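Trainee: Dropping in protein-v9.csv, with CSV, C-alpha atoms (C1' of nucleotides).
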chain,number,residue,atom,x,y,z
A,509,MET,CA,0.0,0.0,0.0
A,510,TRP,CA,1.4,3.4,-1.1
A,511,LEU,CA,-0.4,5.4,1.5
A,512,VAL,CA,1.8,7.0,4.2
A,513,LEU,CA,0.2,8.8,7.1
A,514,ASP,CA,1.8,11.1,9.7
A,515,LEU,CA,-0.6,11.1,12.6
A,516,LYS,CA,1.3,14.0,14.2
A,517,SER,CA,1.3,16.2,11.1
A,518,GLU,CA,-0.6,19.4,11.3
A,519,ARG,CA,-2.2,18.4,8.1
A,520,PRO,CA,-5.5,16.6,9.1
A,521,ILE,CA,-5.4,12.8,8.5
A,522,TYR,CA,-8.4,12.9,6.2
A,523,LEU,CA,-6.7,15.5,4.0
A,524,GLN,CA,-3.5,13.5,3.9
A,525,ILE,CA,-5.5,10.6,2.5
A,526,ARG,CA,-7.3,12.8,0.1
A,527,ASP,CA,-4.0,14.4,-1.1
A,528,GLN,CA,-2.3,11.0,-1.7
A,529,VAL,CA,-5.2,9.6,-3.5
A,530,VAL,CA,-5.3,12.5,-5.9
A,531,GLU,CA,-1.5,12.2,-6.4
A,532,ALA,CA,-1.9,8.5,-7.0
A,533,ILE,CA,-4.5,9.2,-9.7
A,534,ALA,CA,-2.3,11.8,-11.3
A,535,SER,CA,0.6,9.4,-11.4
A,536,GLY,CA,-1.5,6.6,-12.8
A,537,ARG,CA,-1.0,4.3,-9.7
A,538,LEU,CA,-4.8,4.5,-9.4
A,539,ALA,CA,-6.2,4.1,-12.9
A,540,PRO,CA,-9.8,5.0,-13.7
A,541,GLY,CA,-12.1,2.2,-12.6
A,542,SER,CA,-9.8,0.9,-10.0
A,543,ALA,CA,-10.9,0.4,-6.4
A,544,LEU,CA,-9.8,2.1,-3.3
A,545,PRO,CA,-9.6,0.0,-0.1
A,546,PRO,CA,-12.9,-0.4,1.8
A,547,ILE,CA,-13.3,2.3,4.5
A,548,ARG,CA,-13.1,-0.2,7.4
A,549,GLN,CA,-10.1,-2.0,5.9
A,550,LEU,CA,-8.1,1.2,5.5
A,551,ALA,CA,-9.0,2.3,9.0
A,552,ILE,CA,-7.8,-0.9,10.5
A,553,ASP,CA,-4.6,-1.0,8.4
A,554,PHE,CA,-3.6,2.5,9.7
A,555,GLY,CA,-5.1,2.3,13.2
A,556,ILE,CA,-7.4,5.1,12.6
A,557,ASN,CA,-11.1,5.6,12.8
A,558,LEU,CA,-13.7,4.5,10.2
A,559,HIS,CA,-15.2,8.0,10.2
A,560,THR,CA,-11.9,9.6,9.4
A,561,VAL,CA,-11.5,7.5,6.3
A,562,HIS,CA,-15.1,8.1,5.4
A,563,LYS,CA,-14.6,11.8,5.5
A,564,ALA,CA,-11.6,11.5,3.2
A,565,TYR,CA,-13.7,9.5,0.7
A,566,GLU,CA,-16.5,12.0,1.0
A,567,THR,CA,-14.1,14.8,0.2
A,568,LEU,CA,-12.8,12.9,-2.8
A,569,ARG,CA,-16.4,12.3,-4.0
A,570,ASP,CA,-17.4,15.9,-3.5
A,571,GLU,CA,-14.3,16.9,-5.6
A,572,GLY,CA,-15.4,14.5,-8.4
A,573,PHE,CA,-12.5,12.1,-8.2
A,574,VAL,CA,-14.3,8.9,-7.0
A,575,GLN,CA,-17.6,7.3,-6.9
A,576,LEU,CA,-19.0,5.7,-3.7
A,577,ARG,CA,-21.3,2.7,-3.9
A,578,ARG,CA,-22.5,0.4,-1.3
A,579,LYS,CA,-21.1,-3.1,-1.5
A,580,VAL,CA,-18.9,-2.0,-4.4
A,581,GLY,CA,-16.9,0.6,-2.5
A,582,ALA,CA,-14.9,3.6,-3.8
A,583,THR,CA,-13.9,3.5,-7.4
A,584,VAL,CA,-11.8,6.1,-9.4
A,585,LEU,CA,-13.9,7.9,-12.0
A,586,ALA,CA,-12.7,7.9,-15.6
A,587,THR,CA,-13.8,11.5,-16.2
A,588,PRO,CA,-13.7,13.7,-13.1
A,589,GLU,CA,-16.9,15.7,-13.0
A,590,THR,CA,-15.9,19.0,-11.4
A,591,PRO,CA,-14.0,21.3,-13.7
A,592,VAL,CA,-10.9,22.9,-12.4
A,593,ALA,CA,-12.1,26.4,-13.3
A,594,ALA,CA,-15.2,26.1,-11.1
A,595,SER,CA,-13.0,25.3,-8.1
A,596,ASP,CA,-10.8,27.7,-6.2
A,597,TRP,CA,-7.8,26.0,-7.7
A,598,PRO,CA,-6.5,29.0,-9.6
A,599,LEU,CA,-6.6,31.1,-6.5
A,600,ARG,CA,-4.7,28.5,-4.5
A,601,LEU,CA,-2.2,28.3,-7.2
A,602,ARG,CA,-1.7,32.0,-7.1
A,603,THR,CA,-1.2,32.0,-3.4
A,604,LEU,CA,1.3,29.1,-3.7
A,605,LEU,CA,3.3,30.7,-6.5
A,606,ALA,CA,3.5,34.0,-4.7
A,607,GLU,CA,5.8,32.4,-2.2
A,608,PRO,CA,8.9,31.8,-4.3
A,609,VAL,CA,8.2,35.0,-6.2
A,610,ALA,CA,8.3,36.9,-3.0
A,611,ARG,CA,11.6,35.1,-2.2
A,612,GLN,CA,12.9,36.6,-5.5
A,613,ILE,CA,13.2,33.3,-7.3
A,614,ALA,CA,13.2,33.9,-11.0
A,615,SER,CA,10.0,33.0,-12.9
A,616,ASP,CA,11.9,30.7,-15.2
A,617,GLU,CA,13.2,28.7,-12.3
A,618,ILE,CA,9.7,28.4,-10.8
A,619,VAL,CA,8.2,27.3,-14.1
A,620,ALA,CA,11.0,24.7,-14.4
A,621,VAL,CA,10.1,23.2,-11.0
A,622,CYS,CA,6.4,23.1,-12.1
A,623,GLN,CA,7.4,21.4,-15.3
A,624,ARG,CA,9.5,18.9,-13.4
A,625,VAL,CA,6.7,17.9,-11.2
A,626,LEU,CA,4.4,17.5,-14.1
A,627,ASP,CA,7.0,15.4,-16.0
A,628,GLU,CA,7.3,13.2,-13.0
A,629,PHE,CA,3.6,12.5,-13.0
A,630,ALA,CA,3.7,11.9,-16.8
A,631,SER,CA,6.7,9.5,-16.7
A,632,GLU,CA,5.1,7.5,-13.9
A,633,ARG,CA,2.0,7.2,-16.0
A,634,SER,CA,3.9,6.1,-19.1
A,635,GLU,CA,6.1,3.6,-17.3
A,636,ARG,CA,3.0,2.1,-16.0
A,637,SER,CA,1.3,1.9,-19.3
A,638,GLU,CA,4.5,0.3,-20.9
A,639,ARG,CA,4.5,-2.3,-18.2
A,640,ILE,CA,0.9,-3.1,-19.0
A,641,GLY,CA,1.8,-3.1,-22.7
A,642,ARG,CA,4.5,-5.8,-22.1
A,643,LEU,CA,2.0,-7.9,-20.1
A,644,LYS,CA,-0.5,-7.8,-23.0
A,645,GLU,CA,2.2,-8.7,-25.5
A,646,GLY,CA,3.7,-11.6,-23.5
B,955,MET,CA,-5.8,49.2,2.0
B,956,TRP,CA,-5.6,46.2,-0.3
B,957,LEU,CA,-6.3,43.6,2.4
B,958,VAL,CA,-9.7,41.8,2.0
B,959,LEU,CA,-10.8,39.5,4.7
B,960,ASP,CA,-13.7,37.0,4.6
B,961,LEU,CA,-14.5,36.3,8.3
B,962,LYS,CA,-16.7,33.3,7.3
B,963,SER,CA,-14.1,31.6,5.1
B,964,GLU,CA,-12.8,28.2,6.1
B,965,ARG,CA,-9.4,29.7,5.6
B,966,PRO,CA,-8.3,31.0,9.0
B,967,ILE,CA,-8.1,34.8,9.2
B,968,TYR,CA,-4.5,34.9,10.2
B,969,LEU,CA,-3.6,32.8,7.1
B,970,GLN,CA,-5.7,35.1,4.9
B,971,ILE,CA,-3.6,38.0,6.1
B,972,ARG,CA,-0.4,36.0,5.6
B,973,ASP,CA,-1.4,34.9,2.1
B,974,GLN,CA,-2.2,38.4,1.0
B,975,VAL,CA,0.9,39.9,2.4
B,976,VAL,CA,3.0,37.4,0.5
B,977,GLU,CA,1.1,38.1,-2.7
B,978,ALA,CA,1.5,41.8,-2.1
B,979,ILE,CA,5.3,41.3,-1.8
B,980,ALA,CA,5.3,39.1,-4.9
B,981,SER,CA,3.5,41.8,-6.9
B,982,GLY,CA,5.6,44.6,-5.6
B,983,ARG,CA,2.8,46.4,-3.7
B,984,LEU,CA,4.9,45.8,-0.6
B,985,ALA,CA,8.5,46.7,-1.5
B,986,PRO,CA,11.4,45.7,0.6
B,987,GLY,CA,11.7,48.0,3.6
B,988,SER,CA,8.1,49.1,3.5
B,989,ALA,CA,6.0,48.9,6.6
B,990,LEU,CA,3.0,46.8,7.4
B,991,PRO,CA,0.2,48.4,9.5
B,992,PRO,CA,0.7,48.2,13.2
B,993,ILE,CA,-0.9,45.1,14.7
B,994,ARG,CA,-3.5,47.1,16.7
B,995,GLN,CA,-4.4,49.4,13.8
B,996,LEU,CA,-5.0,46.5,11.4
B,997,ALA,CA,-7.1,44.7,14.1
B,998,ILE,CA,-9.2,47.8,14.6
B,999,ASP,CA,-9.6,48.4,10.8
B,1000,PHE,CA,-11.0,44.9,10.3
B,1001,GLY,CA,-12.8,44.5,13.5
B,1002,ILE,CA,-10.7,41.5,14.6
B,1003,ASN,CA,-8.5,40.7,17.5
B,1004,LEU,CA,-5.0,42.0,18.1
B,1005,HIS,CA,-3.8,38.4,18.7
B,1006,THR,CA,-5.1,37.2,15.3
B,1007,VAL,CA,-3.1,39.9,13.5
B,1008,HIS,CA,-0.1,39.1,15.7
B,1009,LYS,CA,-0.3,35.4,14.8
B,1010,ALA,CA,-0.3,36.4,11.1
B,1011,TYR,CA,2.8,38.6,11.6
B,1012,GLU,CA,4.5,35.9,13.6
B,1013,THR,CA,3.9,33.4,10.8
B,1014,LEU,CA,5.3,35.9,8.2
B,1015,ARG,CA,8.4,36.4,10.4
B,1016,ASP,CA,8.9,32.6,10.9
B,1017,GLU,CA,8.7,32.3,7.1
B,1018,GLY,CA,11.4,34.9,6.7
B,1019,PHE,CA,9.3,37.6,4.9
B,1020,VAL,CA,9.2,40.3,7.5
B,1021,GLN,CA,11.1,41.6,10.5
B,1022,LEU,CA,9.3,42.6,13.7
B,1023,ARG,CA,10.7,45.3,15.9
B,1024,ARG,CA,9.2,47.1,18.9
B,1025,LYS,CA,8.2,50.6,18.2
B,1026,VAL,CA,9.2,50.3,14.6
B,1027,GLY,CA,6.7,47.6,13.6
B,1028,ALA,CA,6.7,45.0,10.8
B,1029,THR,CA,8.9,45.7,7.8
B,1030,VAL,CA,9.3,43.7,4.6
B,1031,LEU,CA,12.7,42.1,4.4
B,1032,ALA,CA,14.9,42.8,1.3
B,1033,THR,CA,16.3,39.3,1.3
B,1034,PRO,CA,14.0,36.7,2.6
B,1035,GLU,CA,16.0,34.4,4.9
B,1036,THR,CA,14.3,31.0,4.5
B,1037,PRO,CA,15.2,29.3,1.3
B,1038,VAL,CA,12.3,27.7,-0.6
B,1039,ALA,CA,14.1,24.4,-0.8
B,1040,ALA,CA,14.2,24.1,2.9
B,1041,SER,CA,10.5,24.5,3.3
B,1042,ASP,CA,7.8,22.0,2.3
B,1043,TRP,CA,7.0,24.2,-0.7
B,1044,PRO,CA,7.9,21.6,-3.3
B,1045,LEU,CA,5.6,19.1,-1.7
B,1046,ARG,CA,2.7,21.5,-1.5
B,1047,LEU,CA,3.3,22.3,-5.1
B,1048,ARG,CA,3.2,18.6,-6.0
B,1049,THR,CA,-0.1,18.2,-4.2
B,1050,LEU,CA,-1.6,21.2,-5.8
B,1051,LEU,CA,-0.5,20.3,-9.3
B,1052,ALA,CA,-1.7,16.7,-8.9
B,1053,GLU,CA,-5.2,18.1,-8.9
B,1054,PRO,CA,-5.5,19.2,-12.6
B,1055,VAL,CA,-3.4,16.3,-13.7
B,1056,ALA,CA,-5.8,13.9,-12.1
B,1057,ARG,CA,-8.6,15.8,-13.9
B,1058,GLN,CA,-6.7,15.0,-17.2
B,1059,ILE,CA,-5.8,18.6,-18.0
B,1060,ALA,CA,-2.8,18.6,-20.3
B,1061,SER,CA,0.5,19.5,-18.8
B,1062,ASP,CA,1.0,22.3,-21.4
B,1063,GLU,CA,-2.2,23.9,-20.3
B,1064,ILE,CA,-1.2,23.7,-16.6
B,1065,VAL,CA,2.2,25.2,-17.2
B,1066,ALA,CA,0.5,27.9,-19.2
B,1067,VAL,CA,-1.7,28.8,-16.2
B,1068,CYS,CA,1.4,28.9,-13.9
B,1069,GLN,CA,3.2,31.1,-16.4
B,1070,ARG,CA,0.2,33.4,-16.6
B,1071,VAL,CA,0.1,33.8,-12.8
B,1072,LEU,CA,3.9,34.5,-12.7
B,1073,ASP,CA,3.5,37.0,-15.6
B,1074,GLU,CA,0.8,38.8,-13.6
B,1075,PHE,CA,3.1,39.2,-10.7
B,1076,ALA,CA,5.9,40.4,-12.9
B,1077,SER,CA,3.9,42.9,-14.8
B,1078,GLU,CA,2.5,44.4,-11.6
B,1079,ARG,CA,6.0,44.8,-10.4
B,1080,SER,CA,7.2,46.5,-13.6
B,1081,GLU,CA,4.2,48.8,-13.8
B,1082,ARG,CA,5.0,49.9,-10.3
B,1083,SER,CA,8.7,50.5,-11.0
B,1084,GLU,CA,7.9,52.5,-14.1
B,1085,ARG,CA,5.6,54.7,-12.1
B,1086,ILE,CA,8.4,55.3,-9.7
B,1087,GLY,CA,10.7,56.0,-12.6
B,1088,ARG,CA,8.4,58.7,-13.9
B,1089,LEU,CA,8.2,60.2,-10.4
B,1090,LYS,CA,12.0,60.4,-10.2
B,1091,GLU,CA,12.3,62.0,-13.7
B,1092,GLY,CA,9.6,64.6,-13.1
C,562,DT,C1',10.7,60.7,30.0
C,563,DA,C1',6.6,59.6,27.2
C,564,DT,C1',4.7,56.9,23.6
C,565,DA,C1',4.0,53.7,20.1
C,566,DT,C1',4.9,49.3,19.1
C,567,DG,C1',5.6,44.3,19.6
C,568,DT,C1',5.4,40.5,23.3
C,569,DT,C1',3.6,37.6,26.8
C,570,DA,C1',0.1,35.7,29.9
C,571,DT,C1',-4.4,34.0,31.3
C,572,DA,C1',-9.0,32.8,30.3
C,573,DG,C1',-13.0,31.4,27.7
C,574,DA,C1',-16.0,30.4,23.4
C,575,DT,C1',-16.5,28.1,19.2
C,576,DG,C1',-15.7,24.9,15.6
C,577,DA,C1',-12.9,21.3,13.3
C,578,DT,C1',-10.8,16.9,13.8
C,579,DA,C1',-10.7,12.4,15.5
C,580,DT,C1',-12.4,8.7,18.2
C,581,DA,C1',-16.0,5.3,19.8
C,582,DG,C1',-20.1,2.4,19.4
C,583,DA,C1',-24.2,1.3,17.3
C,584,DA,C1',-27.4,0.8,13.9
C,585,DC,C1',-29.3,1.4,9.2
C,586,DA,C1',-29.5,0.7,3.8
C,587,DG,C1',-28.8,-1.4,-0.1
C,588,DA,C1',-26.2,-4.0,-3.7
C,589,DG,C1',-24.3,-8.3,-4.8
C,590,DA,C1',-23.5,-13.2,-3.9
C,591,DA,C1',-24.9,-17.8,-2.4
D,216,DT,C1',-34.8,-15.7,-0.6
D,217,DT,C1',-31.1,-14.9,2.8
D,218,DC,C1',-26.4,-13.6,3.8
D,219,DT,C1',-22.8,-10.4,3.8
D,220,DC,C1',-20.0,-6.7,2.5
D,221,DT,C1',-19.9,-2.1,1.8
D,222,DG,C1',-21.2,2.8,2.4
D,223,DT,C1',-24.3,5.8,5.4
D,224,DT,C1',-26.2,7.9,9.4
D,225,DC,C1',-26.6,8.9,14.3
D,226,DT,C1',-25.1,10.1,19.1
D,227,DA,C1',-21.5,11.1,22.1
D,228,DT,C1',-17.0,12.5,23.7
D,229,DA,C1',-12.2,14.3,23.7
D,230,DT,C1',-8.8,17.3,22.0
D,231,DC,C1',-6.9,20.9,19.4
D,232,DA,C1',-6.8,25.2,16.5
D,233,DT,C1',-8.8,29.5,16.0
D,234,DC,C1',-10.5,33.6,17.7
D,235,DT,C1',-11.8,36.7,21.2
D,236,DA,C1',-11.0,39.5,25.6
D,237,DT,C1',-8.4,41.8,29.1
D,238,DA,C1',-4.3,43.0,31.1
D,239,DA,C1',0.3,43.7,31.7
D,240,DC,C1',5.1,43.8,30.2
D,241,DA,C1',9.4,45.3,27.3
D,242,DT,C1',11.8,48.4,24.6
D,243,DA,C1',13.2,51.4,20.8
D,244,DT,C1',12.3,55.9,19.3
D,245,DA,C1',11.0,60.7,19.7
Show me, as structure tokens, the structure contained in the file I just sent.
Mentor:
Amino acid sequence: MWLVLDLKSERPIYLQIRDQVVEAIASGRLAPGSALPPIRQLAIDFGINLHTVHKAYETLRDEGFVQLRRKVGATVLATPETPVAASDWPLRLRTLLAEPVARQIASDEIVAVCQRVLDEFASERSERSERIGRLKEG
Amino acid sequence: MWLVLDLKSERPIYLQIRDQVVEAIASGRLAPGSALPPIRQLAIDFGINLHTVHKAYETLRDEGFVQLRRKVGATVLATPETPVAASDWPLRLRTLLAEPVARQIASDEIVAVCQRVLDEFASERSERSERIGRLKEG
DNA sequence: TATATGTTATAGATGATATAGAACAGAGAA
DNA sequence: TTCTCTGTTCTATATCATCTATAACATATA
């Protein structure tokens, strides 16, 4: 299991779960249609409460990333429903980018870091699809 | 005053202040050496508590953006002391960028949005310096 | 010396986070 | 059908972060 939780972090547990699921989707580790662990199972695995996991899953559902169904569980949606523009994402990006700018880091350098992060996601995705390709061939 | 607070936002007031000060520094509205409003004054202006403003200023100081001195007040530092790399900024960037990636927005498009935000900061800064240039000439 | 400013201390109210236990609801499997 | 696995809802409690309130302290500057 790729999930890593820091129970002492100031970042709430349910948001740590939310963040890492989104990153897993971005990197292709969680492909559309794949299932997240059942709420109770994940709670047991990490020694946390059922309700904490539930809140994380609810958040992911409200953000349009997963679908929750009884008996079936949480599954990653192929086409996320909520558009980025409708969220406050651009504002959060602005706030985050203001930080290195205020620290007088050159824009080129900041863009390069962004590009690197995006490339990492992309290369993880392509590695994964290649591996699947080899499996289908063999 | 450029500060705009939403007392009902889920974003804590002291972080709203912190965010907007950082953005003001990034856009050049707060130049190095310039003063922030006194804690008590800002608290009165927005009808909030002295300690809330103090916490915002403390945060800004801990992040290396401002210097706090008795009698003098809070002043923007010319050279922020804390390097970006030492902070968790790259991790927060990764989490934030994962969002549009998971929503299947193309990397080019995401980079373009980042570039646009950075250009906005830069153009605000250059407009401001031009205006100052004209003042010096006249 | 007086004053404006940040700093520290104590106390209380409110809401978010996390836990605990129990039960309900419904989809899928036997 | 019945069983069982999953999400869902409910009540209750504990803890922590945030915000407020009041007061006093510390000190650089005028």
Trainee: Each residue of chain D lying at most 9 Å from chain B should get a row with its shortest atom-to-atom pair and the distance in Å to one decimal, counting all atoms listed in the file; could you produce that, ordered by chain and increasing number, as a tab-separated table?
Mentor:
residue	atom	partner	partner_atom	distance
D:DT233	C1'	B:Pro966	CA	7.2
D:DC234	C1'	B:Thr1006	CA	6.9
D:DT235	C1'	B:Asn1003	CA	6.4
D:DA236	C1'	B:Asn1003	CA	8.6
D:DA241	C1'	B:Arg1024	CA	8.6
D:DT242	C1'	B:Arg1024	CA	6.4
D:DA243	C1'	B:Lys1025	CA	5.7
D:DT244	C1'	B:Lys1025	CA	6.8
Trainee: Pairing every Cα of chain A with chain B in order, what RMSD remains after the least-squares superposition?
Mentor: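 Between these identical-sequence chains, the C-alpha RMSD is 0.1 Å.
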Trainee: Could you please determine the separation between CA of Glu1053 (chain B) and CA of Pro608 (chain A) in Å, to one decimal place?
Mentor: 20.2 Å
Trainee: Find the residues of chain B in contact range of chain A, meaning any atom within 6 Å when counting all atoms listed in the file, and list them as a list in words.
Mentor: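 That gives Glu977, Ile979, Ala980, Pro1034, Ala1052, Val1055, Ala1056 and Arg1057 of chain B for chain B.
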Trainee: Could you write out as a ChimeraX atom specification the residues of chain B within 12 Å of chain C, counting only C-alpha atoms (C1' of nucleotides)?
Mentor: /B:962,964-966,991-995,1004-1005,1007-1009,1011-1012,1021-1028
Trainee: Quick one: distance from CA of Asp999 (chain B) to CA of Arg1079 (chain B) in Å, one decimal?
Mentor: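 CA of Asp999 (chain B) sits 26.6 Å away from CA of Arg1079 (chain B).
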Trainee: When you draw a straight line from CA of Ile998 (chain B) to C1' of DC231 (chain D), how long is it in Å?
Mentor: 27.4 Å
